[in-house]
>>> print(open('upload20.txt').read())   # compact mmCIF, C-alpha atoms
# COMPACT_ATOMS: atom_id res chain seq x y z
CA MET A 226 0.00 0.00 0.00
CA PRO A 227 1.44 3.46 -0.88
CA LYS A 228 2.55 5.31 2.23
CA MET A 229 0.10 8.21 1.81
CA LYS A 230 -2.77 5.72 1.48
CA THR A 231 -1.51 4.07 4.65
CA MET A 232 -1.62 7.37 6.49
CA GLU A 233 -5.14 8.07 5.23
CA ALA A 234 -6.20 4.63 6.44
CA ALA A 235 -4.74 5.44 9.86
CA VAL A 236 -6.84 8.61 9.94
CA ARG A 237 -10.02 6.64 9.30
CA ILE A 238 -9.17 4.09 12.00
CA LEU A 239 -8.50 6.80 14.58
CA GLU A 240 -11.67 8.66 13.63
CA SER A 241 -13.67 5.48 14.16
CA GLU A 242 -12.27 5.31 17.70
CA GLY A 243 -13.44 8.84 18.44
CA VAL A 244 -10.05 10.58 18.35
CA LYS A 245 -10.54 14.30 17.73
CA GLN A 246 -7.12 15.77 18.45
CA ILE A 247 -3.56 14.74 17.75
CA PHE A 248 -1.27 15.75 20.61
CA GLY A 249 2.25 17.02 20.05
CA ILE A 250 1.45 19.07 16.92
CA PRO A 251 -0.15 22.42 17.80
CA GLY A 252 -3.44 22.96 16.03
CA ALA A 253 -3.39 19.63 14.22
CA GLY A 254 -6.72 17.84 14.34
CA ILE A 255 -7.37 14.27 13.31
CA LEU A 256 -8.71 15.02 9.82
CA PRO A 257 -5.73 16.92 8.43
CA PHE A 258 -3.07 15.20 10.47
CA TYR A 259 -1.23 13.61 7.56
CA ARG A 260 -1.21 16.97 5.74
CA ALA A 261 0.07 18.69 8.87
CA LEU A 262 2.74 16.04 8.97
CA MET A 263 3.90 17.07 5.52
CA ASP A 264 4.24 20.70 6.65
CA LEU A 265 6.50 20.08 9.63
CA GLY A 266 9.82 21.77 9.01
CA THR A 267 11.84 19.06 10.73
CA ILE A 268 10.60 16.38 8.33
CA ARG A 269 10.23 18.21 5.02
CA HIS A 270 12.87 15.95 3.53
CA MET A 271 10.43 13.07 4.07
CA ARG A 272 7.69 14.52 1.86
CA LEU A 273 8.06 11.86 -0.81
CA THR A 274 8.44 8.72 1.28
CA LEU A 275 7.32 9.49 4.84
CA ASP A 276 10.04 7.11 6.00
CA GLY A 277 11.00 7.52 9.62
CA ILE A 278 7.61 8.60 10.94
CA ALA A 279 6.16 7.08 14.10
CA LEU A 280 2.53 6.93 15.19
CA ASN A 281 2.25 6.42 18.96
CA VAL A 282 -0.96 5.36 20.69
CA VAL A 283 -1.54 5.02 24.44
CA ILE A 284 -4.50 2.88 25.51
CA ASP A 285 -5.95 2.19 28.95
CA GLU A 286 -6.73 -1.18 30.53
CA GLU A 287 -10.08 -1.24 28.72
CA ARG A 288 -8.32 -0.67 25.38
CA ARG A 289 -9.65 2.88 25.06
CA ILE A 290 -7.42 5.40 23.33
CA GLY A 291 -6.07 8.02 25.73
CA PHE A 292 -3.33 9.66 23.69
CA VAL A 293 -2.15 9.75 20.07
CA ASN A 294 0.76 11.55 18.50
CA PHE A 295 3.00 11.19 15.47
CA GLY A 296 6.22 12.57 14.07
CA GLU A 297 9.95 11.91 14.18
CA ILE A 298 10.44 8.49 15.69
CA GLU A 299 12.43 9.27 18.83
CA SER A 300 10.96 12.63 19.82
CA SER A 301 7.35 11.61 19.23
CA HIS A 302 7.85 8.41 21.19
CA LEU A 303 9.43 10.26 24.11
CA LEU A 304 6.46 12.61 24.18
CA ALA A 305 4.12 9.63 24.43
CA VAL A 306 6.29 8.18 27.19
CA ASP A 307 6.10 11.46 29.12
CA PHE A 308 2.31 11.30 28.91
CA MET A 309 2.31 7.70 30.08
CA ARG A 310 4.59 8.42 33.04
CA LYS A 311 1.85 10.48 34.69
CA HIS A 312 -0.40 7.42 34.79
CA ALA A 313 2.04 4.54 35.32
CA GLU A 314 4.79 5.76 37.64
CA VAL A 315 4.37 5.90 41.41
CA LYS A 316 6.98 7.56 43.61
CA VAL A 317 7.90 5.49 46.68
CA PRO A 318 9.92 7.04 49.56
CA ARG A 319 11.74 3.85 50.61
CA LYS A 320 12.98 0.52 49.33
CA PHE A 321 11.79 -2.89 50.49
CA LYS A 322 13.44 -6.22 51.14
CA THR A 323 10.24 -8.06 50.21
CA VAL A 324 8.27 -7.08 47.10
CA VAL A 325 5.17 -8.98 45.98
CA THR A 326 3.87 -8.47 42.46
CA THR A 327 2.16 -10.15 39.51
CA SER A 328 2.25 -10.13 35.74
CA ALA A 329 -1.02 -8.16 35.77
CA GLY A 330 -3.24 -11.13 34.97
CA TYR A 331 -4.57 -12.24 31.61
CA PRO A 332 -3.40 -11.76 28.90
CA LEU A 333 0.00 -10.53 30.07
CA ASP A 334 0.59 -13.54 32.32
CA LYS A 335 0.12 -16.13 29.57
CA THR A 336 3.85 -16.83 29.22
CA TYR A 337 7.02 -16.69 31.26
CA TYR A 338 8.44 -14.34 28.62
CA GLN A 339 5.80 -11.76 29.52
CA THR A 340 6.15 -12.47 33.24
CA VAL A 341 9.69 -11.11 33.24
CA LYS A 342 8.20 -7.64 32.72
CA GLY A 343 6.61 -7.85 36.15
CA MET A 344 9.96 -8.72 37.72
CA VAL A 345 11.78 -5.83 36.10
CA GLY A 346 9.00 -3.36 36.84
CA VAL A 347 9.61 -3.40 40.61
CA ILE A 348 13.41 -3.49 40.86
CA ASP A 349 13.74 0.23 41.57
CA ILE A 350 12.13 -0.23 45.01
CA LEU A 351 13.88 -3.52 45.83
CA GLU A 352 16.66 -3.42 48.40
CA PRO A 353 19.80 -5.06 47.02
CA GLY A 354 19.66 -8.71 48.02
CA GLY A 355 15.92 -8.53 48.63
CA ASP A 356 13.23 -10.84 47.30
CA ILE A 357 10.78 -10.38 44.43
CA ILE A 358 7.85 -12.75 44.79
CA ILE A 359 5.79 -12.82 41.61
CA ALA A 360 2.60 -14.69 40.75
CA SER A 361 1.83 -15.42 37.10
CA GLU A 362 -0.25 -18.21 35.60
CA CYS A 363 1.93 -18.84 32.51
CA SER A 364 -0.99 -20.76 30.99
CA GLU A 365 0.77 -20.94 27.60
CA GLY A 366 4.14 -21.97 28.98
CA MET A 367 7.49 -20.34 28.44
CA GLY A 368 7.03 -18.36 25.24
CA SER A 369 8.80 -18.58 21.91
CA ARG A 370 11.38 -21.21 21.02
CA GLU A 371 13.97 -18.45 20.69
CA PHE A 372 13.26 -17.27 24.23
CA VAL A 373 13.58 -20.81 25.56
CA ASP A 374 16.94 -21.12 23.81
CA ALA A 375 18.10 -17.89 25.46
CA GLN A 376 16.92 -19.12 28.85
CA ARG A 377 18.77 -22.39 28.42
CA ALA A 378 21.90 -20.46 27.54
CA LEU A 379 21.48 -18.44 30.74
CA CYS A 380 21.04 -21.61 32.80
CA ARG A 381 24.08 -23.19 31.17
CA MET A 382 26.40 -20.17 31.35
CA GLY A 383 25.21 -18.11 34.31
CA PRO A 384 24.32 -14.39 34.22
CA ASP A 385 27.82 -12.94 33.87
CA ALA A 386 28.94 -15.21 31.04
CA PHE A 387 25.57 -14.81 29.31
CA MET A 388 25.84 -11.02 29.35
CA ALA A 389 29.44 -11.19 28.18
CA MET A 390 28.32 -13.31 25.25
CA LEU A 391 25.70 -10.74 24.28
CA GLU A 392 28.31 -8.00 24.24
CA THR A 393 30.30 -9.87 21.58
CA ARG A 394 27.33 -10.06 19.22
CA GLU A 395 26.87 -7.69 16.32
CA LYS A 396 23.16 -8.52 16.09
CA ALA A 397 20.73 -9.58 18.80
CA LEU A 398 18.81 -12.81 18.45
CA ILE A 399 15.03 -12.91 18.58
CA ASP A 400 13.57 -12.65 22.12
CA GLU A 401 16.87 -13.02 23.98
CA TRP A 402 16.40 -9.42 25.08
CA GLN A 403 13.87 -10.63 27.65
CA THR A 404 16.44 -12.96 29.18
CA GLU A 405 18.75 -9.97 29.43
CA MET A 406 15.99 -8.16 31.33
CA LEU A 407 15.68 -11.13 33.67
CA VAL A 408 19.39 -10.83 34.43
CA LYS A 409 18.79 -7.16 35.23
CA ALA A 410 16.35 -8.18 37.97
CA LEU A 411 18.61 -10.97 39.23
CA ARG A 412 21.48 -8.54 39.67
CA VAL A 413 19.42 -6.61 42.20
CA GLY A 414 17.94 -9.44 44.24
CA ASN A 415 16.31 -12.85 44.29
CA VAL A 416 13.24 -13.80 42.25
CA ARG A 417 10.68 -16.38 43.34
CA LEU A 418 7.95 -17.44 40.92
CA TYR A 419 4.51 -18.88 41.59
CA ALA A 420 3.16 -20.23 38.29
CA THR A 421 0.58 -22.96 37.86
CA GLY A 422 0.90 -23.24 34.08
CA LEU A 423 4.54 -24.24 33.70
CA ALA A 424 5.35 -27.90 33.14
CA PRO A 425 8.04 -29.55 35.29
CA GLU A 426 10.45 -29.48 32.34
CA ASP A 427 9.86 -25.74 31.94
CA LEU A 428 10.97 -25.06 35.50
CA ARG A 429 14.48 -26.16 34.58
CA ASP A 430 14.76 -23.18 32.26
CA ILE A 431 13.35 -20.29 34.30
CA TYR A 432 16.56 -19.53 36.29
CA VAL A 433 14.53 -18.28 39.24
CA GLU A 434 13.21 -20.18 42.25
CA PRO A 435 9.81 -21.82 41.70
CA ILE A 436 7.51 -21.73 44.72
CA SER A 437 4.28 -23.51 45.60
CA SER A 438 2.82 -20.83 47.87
CA VAL A 439 3.00 -17.04 47.71
CA GLU A 440 2.06 -16.78 51.38
CA GLU A 441 4.83 -19.10 52.50
CA ALA A 442 7.38 -17.30 50.33
CA VAL A 443 6.38 -13.93 51.80
CA LEU A 444 6.66 -15.27 55.35
CA ALA A 445 10.07 -16.79 54.61
CA SER A 446 11.32 -13.52 53.12
CA VAL A 447 10.10 -11.46 56.08
CA GLU A 448 11.75 -13.84 58.52
CA LYS A 449 15.00 -14.00 56.55
CA HIS A 450 15.38 -10.23 56.37
CA ALA A 451 13.90 -9.58 59.83
CA ASP A 452 11.78 -6.85 58.26
CA PRO A 453 7.97 -7.04 58.25
CA ARG A 454 7.52 -4.25 55.73
CA ILE A 455 6.30 -5.49 52.35
CA ALA A 456 5.66 -3.69 49.06
CA VAL A 457 2.71 -5.03 47.07
CA VAL A 458 2.29 -4.13 43.39
CA PRO A 459 -0.87 -5.95 42.23
CA GLU A 460 -0.85 -4.68 38.65
CA GLY A 461 2.66 -5.78 37.83
CA PRO A 462 4.24 -4.01 34.85
CA TYR A 463 1.27 -1.67 34.40
CA VAL A 464 2.42 0.26 37.49
CA ILE A 465 6.08 1.24 37.85
CA PRO A 466 7.14 2.15 41.40
CA LEU A 467 10.17 4.42 41.52
CA PHE A 468 12.30 5.08 44.58
CA GLN A 469 12.43 8.74 45.51
CA ALA A 470 13.85 9.63 48.91
>>> encode(input="upload20.txt", output="structure tokens")
Amino acid sequence: MPKMKTMEAAVRILESEGVKQIFGIPGAGILPFYRALMDLGTIRHMRLTLDGIALNVVIDEERRIGFVNFGEIESSHLLAVDFMRKHAEVKVPRKFKTVVTTSAGYPLDKTYYQTVKGMVGVIDILEPGGDIIIASECSEGMGSREFVDAQRALCRMGPDAFMAMLETREKALIDEWQTEMLVKALRVGNVRLYATGLAPEDLRDIYVEPISSVEEAVLASVEKHADPRIAVVPEGPYVIPLFQA
């Protein structure tokens, strides 16, 4: 499909969802947004191809559109991120040795691949050496074959050697990025996973501690650290707690 036709199709889709205003471009409404795009001084060199343009959409938990913008890939995306920060980030005045979270339920908790997002989302408020206790169904198992391969490499090599291997690569492999994110969480503290959907053979590849009870894991963490204070983040990666003293 020609790129201008693609943009016009995007207009019709957004109109059907009730979008009336495009944020980030002063005075640009939904109807003329692709023409306004052509008039932006910073992208005049893209008049013929429209290469390098991003359309960013923020939706809420009910899949309703809350924000739309478009423009140069990096700057437009950062603007959308700034909008999202107001709704997703929560400032927390202290760190915790025990953090309980989830993968935000269905559909985000369908795989272990997606579950890693819940682990990473809370590390800013985790005391070094503390425990992340995460509950996620993982009803569809681990995730892609490529992710499983990356996990097996992590289990075989350990975090340090795995990260060193990634640094030697010119190109990343599919889905191994999520294993890298898992290592990011593991470098802060311990991760314990409650998941009813993983098969016994899957548990060999998760590189975190599987648990059979969230309650027992919380009690064990509190006793180990001699600290009864617990952070609970029920919505997992949809809410990002940030430490701010």
>>> closest_atom_pairs(input="upload20.txt", of="range 275-333 of chain A", to="range 434-455 of chain A", cutoff="9 Å", atoms="only C-alpha atoms", output="CSV")
residue,atom,partner,partner_atom,distance
A:Phe321,CA,A:Ile455,CA,6.4
A:Lys322,CA,A:His450,CA,6.9
A:Thr323,CA,A:Ile455,CA,5.2
A:Val324,CA,A:Ile455,CA,5.8
A:Val325,CA,A:Ile455,CA,7.4
>>> residues_around(input="upload20.txt", residues="Arg429 in chain A", least_positions_apart="2", cutoff="12 Å", atoms="all atoms listed in the file", output="list in words")
Met367, Val373, Gln376, Arg377, Ala378, Leu379, Cys380, Arg381, Leu423, Ala424, Pro425, Glu426, Asp427, Ile431, Tyr432, Val433, Glu434 and Pro435 of chain A
>>> atom_distance(input="upload20.txt", atom1="CA of Phe292 in chain A", atom2="CA of Arg310 in chain A")
12.3 Å
>>> closest_residue(input="upload20.txt", among="A:Asn281, A:Thr326, A:Ser361, A:Thr336", to="Gly461 in chain A", atoms="all atoms listed in the file")
A:Thr326
>>> atom_distance(input="upload20.txt", atom1="CA of Tyr419 in chain A", atom2="CA of Val341 in chain A")
12.5 Å
>>> residues_near_point(input="upload20.txt", point="(15.2, -9.3, 32.8)", cutoff="12 Å", atoms="only C-alpha atoms", output="PyMOL selection string")
chain A and resi 337-348+372+375-376+379+384+388+400-414+416+431-433
>>> closest_residue(input="upload20.txt", among="A:Cys363, A:Val457, A:Leu304, A:Ile298", to="Lys335 in chain A", atoms="all atoms listed in the file")
A:Cys363
>>> atom_distance(input="upload20.txt", atom1="CA of Val458 in chain A", atom2="CA of Gly368 in chain A")
23.5 Å
>>> closest_residue(input="upload20.txt", among="A:Leu428, A:Leu280, A:Leu391, A:Val315", to="Gly296 in chain A", atoms="all atoms listed in the file")
A:Leu280
>>> closest_residue(input="upload20.txt", among="A:Asp374, A:Glu362, A:Asp430, A:Glu392", to="Tyr331 in chain A", atoms="all atoms listed in the file")
A:Glu362
>>> closest_residue(input="upload20.txt", among="A:Asn294, A:Ile350, A:Glu395, A:Asp356", to="Lys316 in chain A", atoms="all atoms listed in the file")
A:Ile350
>>> closest_residue(input="upload20.txt", among="A:Thr393, A:Ser369, A:Thr421, A:Ser301", to="Val282 in chain A", atoms="all atoms listed in the file")
A:Ser301
>>> axis_aligned_box(input="upload20.txt", around="range 362-380 of chain A", padding_each_side="4 Å", output="JSON")
{"center_x": 10.5, "center_y": -19.8, "center_z": 28.1, "size_x": 30.9, "size_y": 13.1, "size_z": 22.9}
>>> decode(input="upload20.txt", residues="range 310-336 of chain A", atoms="N, CA and C atoms", output="JSON list (two decimals), in the first residue's frame")
[["chain", "number", "residue", "atom", "x", "y", "z"],
["A", 310, "ARG", "N", 3.98, 8.38, 31.71],
["A", 310, "ARG", "CA", 4.59, 8.42, 33.04],
["A", 310, "ARG", "C", 3.61, 8.93, 34.10],
["A", 311, "LYS", "N", 2.79, 9.88, 33.73],
["A", 311, "LYS", "CA", 1.85, 10.48, 34.69],
["A", 311, "LYS", "C", 0.86, 9.44, 35.21],
["A", 312, "HIS", "N", 0.62, 8.41, 34.43],
["A", 312, "HIS", "CA", -0.40, 7.42, 34.79],
["A", 312, "HIS", "C", 0.19, 6.10, 35.28],
["A", 313, "ALA", "N", 1.46, 5.85, 35.00],
["A", 313, "ALA", "CA", 2.04, 4.54, 35.32],
["A", 313, "ALA", "C", 3.06, 4.57, 36.45],
["A", 314, "GLU", "N", 3.73, 5.69, 36.63],
["A", 314, "GLU", "CA", 4.79, 5.76, 37.64],
["A", 314, "GLU", "C", 4.24, 6.20, 38.99],
["A", 315, "VAL", "N", 4.75, 5.56, 40.03],
["A", 315, "VAL", "CA", 4.37, 5.90, 41.41],
["A", 315, "VAL", "C", 5.64, 6.10, 42.22],
["A", 316, "LYS", "N", 5.80, 7.28, 42.80],
["A", 316, "LYS", "CA", 6.98, 7.56, 43.61],
["A", 316, "LYS", "C", 6.83, 6.89, 44.98],
["A", 317, "VAL", "N", 7.89, 6.22, 45.41],
["A", 317, "VAL", "CA", 7.90, 5.49, 46.68],
["A", 317, "VAL", "C", 9.08, 6.00, 47.51],
["A", 318, "PRO", "N", 8.85, 6.40, 48.77],
["A", 318, "PRO", "CA", 9.92, 7.04, 49.56],
["A", 318, "PRO", "C", 10.93, 6.09, 50.18],
["A", 319, "ARG", "N", 10.79, 4.79, 50.02],
["A", 319, "ARG", "CA", 11.74, 3.85, 50.61],
["A", 319, "ARG", "C", 11.82, 2.60, 49.74],
["A", 320, "LYS", "N", 12.85, 1.81, 50.00],
["A", 320, "LYS", "CA", 12.98, 0.52, 49.33],
["A", 320, "LYS", "C", 12.57, -0.60, 50.28],
["A", 321, "PHE", "N", 12.30, -1.77, 49.71],
["A", 321, "PHE", "CA", 11.79, -2.89, 50.49],
["A", 321, "PHE", "C", 12.63, -4.14, 50.25],
["A", 322, "LYS", "N", 12.73, -4.95, 51.27],
["A", 322, "LYS", "CA", 13.44, -6.22, 51.14],
["A", 322, "LYS", "C", 12.52, -7.33, 50.63],
["A", 323, "THR", "N", 11.22, -7.10, 50.73],
["A", 323, "THR", "CA", 10.24, -8.06, 50.21],
["A", 323, "THR", "C", 9.26, -7.32, 49.32],
["A", 324, "VAL", "N", 9.19, -7.70, 48.05],
["A", 324, "VAL", "CA", 8.27, -7.08, 47.10],
["A", 324, "VAL", "C", 7.42, -8.18, 46.47],
["A", 325, "VAL", "N", 6.11, -8.01, 46.55],
["A", 325, "VAL", "CA", 5.17, -8.98, 45.98],
["A", 325, "VAL", "C", 4.49, -8.34, 44.78],
["A", 326, "THR", "N", 4.47, -9.04, 43.67],
["A", 326, "THR", "CA", 3.87, -8.47, 42.46],
["A", 326, "THR", "C", 3.27, -9.59, 41.60],
["A", 327, "THR", "N", 2.75, -9.20, 40.45],
["A", 327, "THR", "CA", 2.16, -10.15, 39.51],
["A", 327, "THR", "C", 2.59, -9.77, 38.10],
["A", 328, "SER", "N", 2.07, -10.51, 37.14],
["A", 328, "SER", "CA", 2.25, -10.13, 35.74],
["A", 328, "SER", "C", 0.98, -9.50, 35.20],
["A", 329, "ALA", "N", 0.18, -8.95, 36.10],
["A", 329, "ALA", "CA", -1.02, -8.16, 35.77],
["A", 329, "ALA", "C", -2.18, -9.00, 35.24],
["A", 330, "GLY", "N", -2.12, -10.31, 35.41],
["A", 330, "GLY", "CA", -3.24, -11.13, 34.97],
["A", 330, "GLY", "C", -3.31, -11.30, 33.47],
["A", 331, "TYR", "N", -4.38, -11.95, 33.04],
["A", 331, "TYR", "CA", -4.57, -12.24, 31.61],
["A", 331, "TYR", "C", -4.77, -10.93, 30.84],
["A", 332, "PRO", "N", -4.18, -10.77, 29.64],
["A", 332, "PRO", "CA", -3.40, -11.76, 28.90],
["A", 332, "PRO", "C", -1.89, -11.69, 29.13],
["A", 333, "LEU", "N", -1.44, -10.73, 29.95],
["A", 333, "LEU", "CA", 0.00, -10.53, 30.07],
["A", 333, "LEU", "C", 0.70, -11.66, 30.83],
["A", 334, "ASP", "N", -0.06, -12.46, 31.57],
["A", 334, "ASP", "CA", 0.59, -13.54, 32.32],
["A", 334, "ASP", "C", 0.48, -14.89, 31.61],
["A", 335, "LYS", "N", 0.26, -14.87, 30.30],
["A", 335, "LYS", "CA", 0.12, -16.13, 29.57],
["A", 335, "LYS", "C", 1.43, -16.89, 29.43],
["A", 336, "THR", "N", 2.56, -16.17, 29.42],
["A", 336, "THR", "CA", 3.85, -16.83, 29.22],
["A", 336, "THR", "C", 4.88, -16.31, 30.22]]
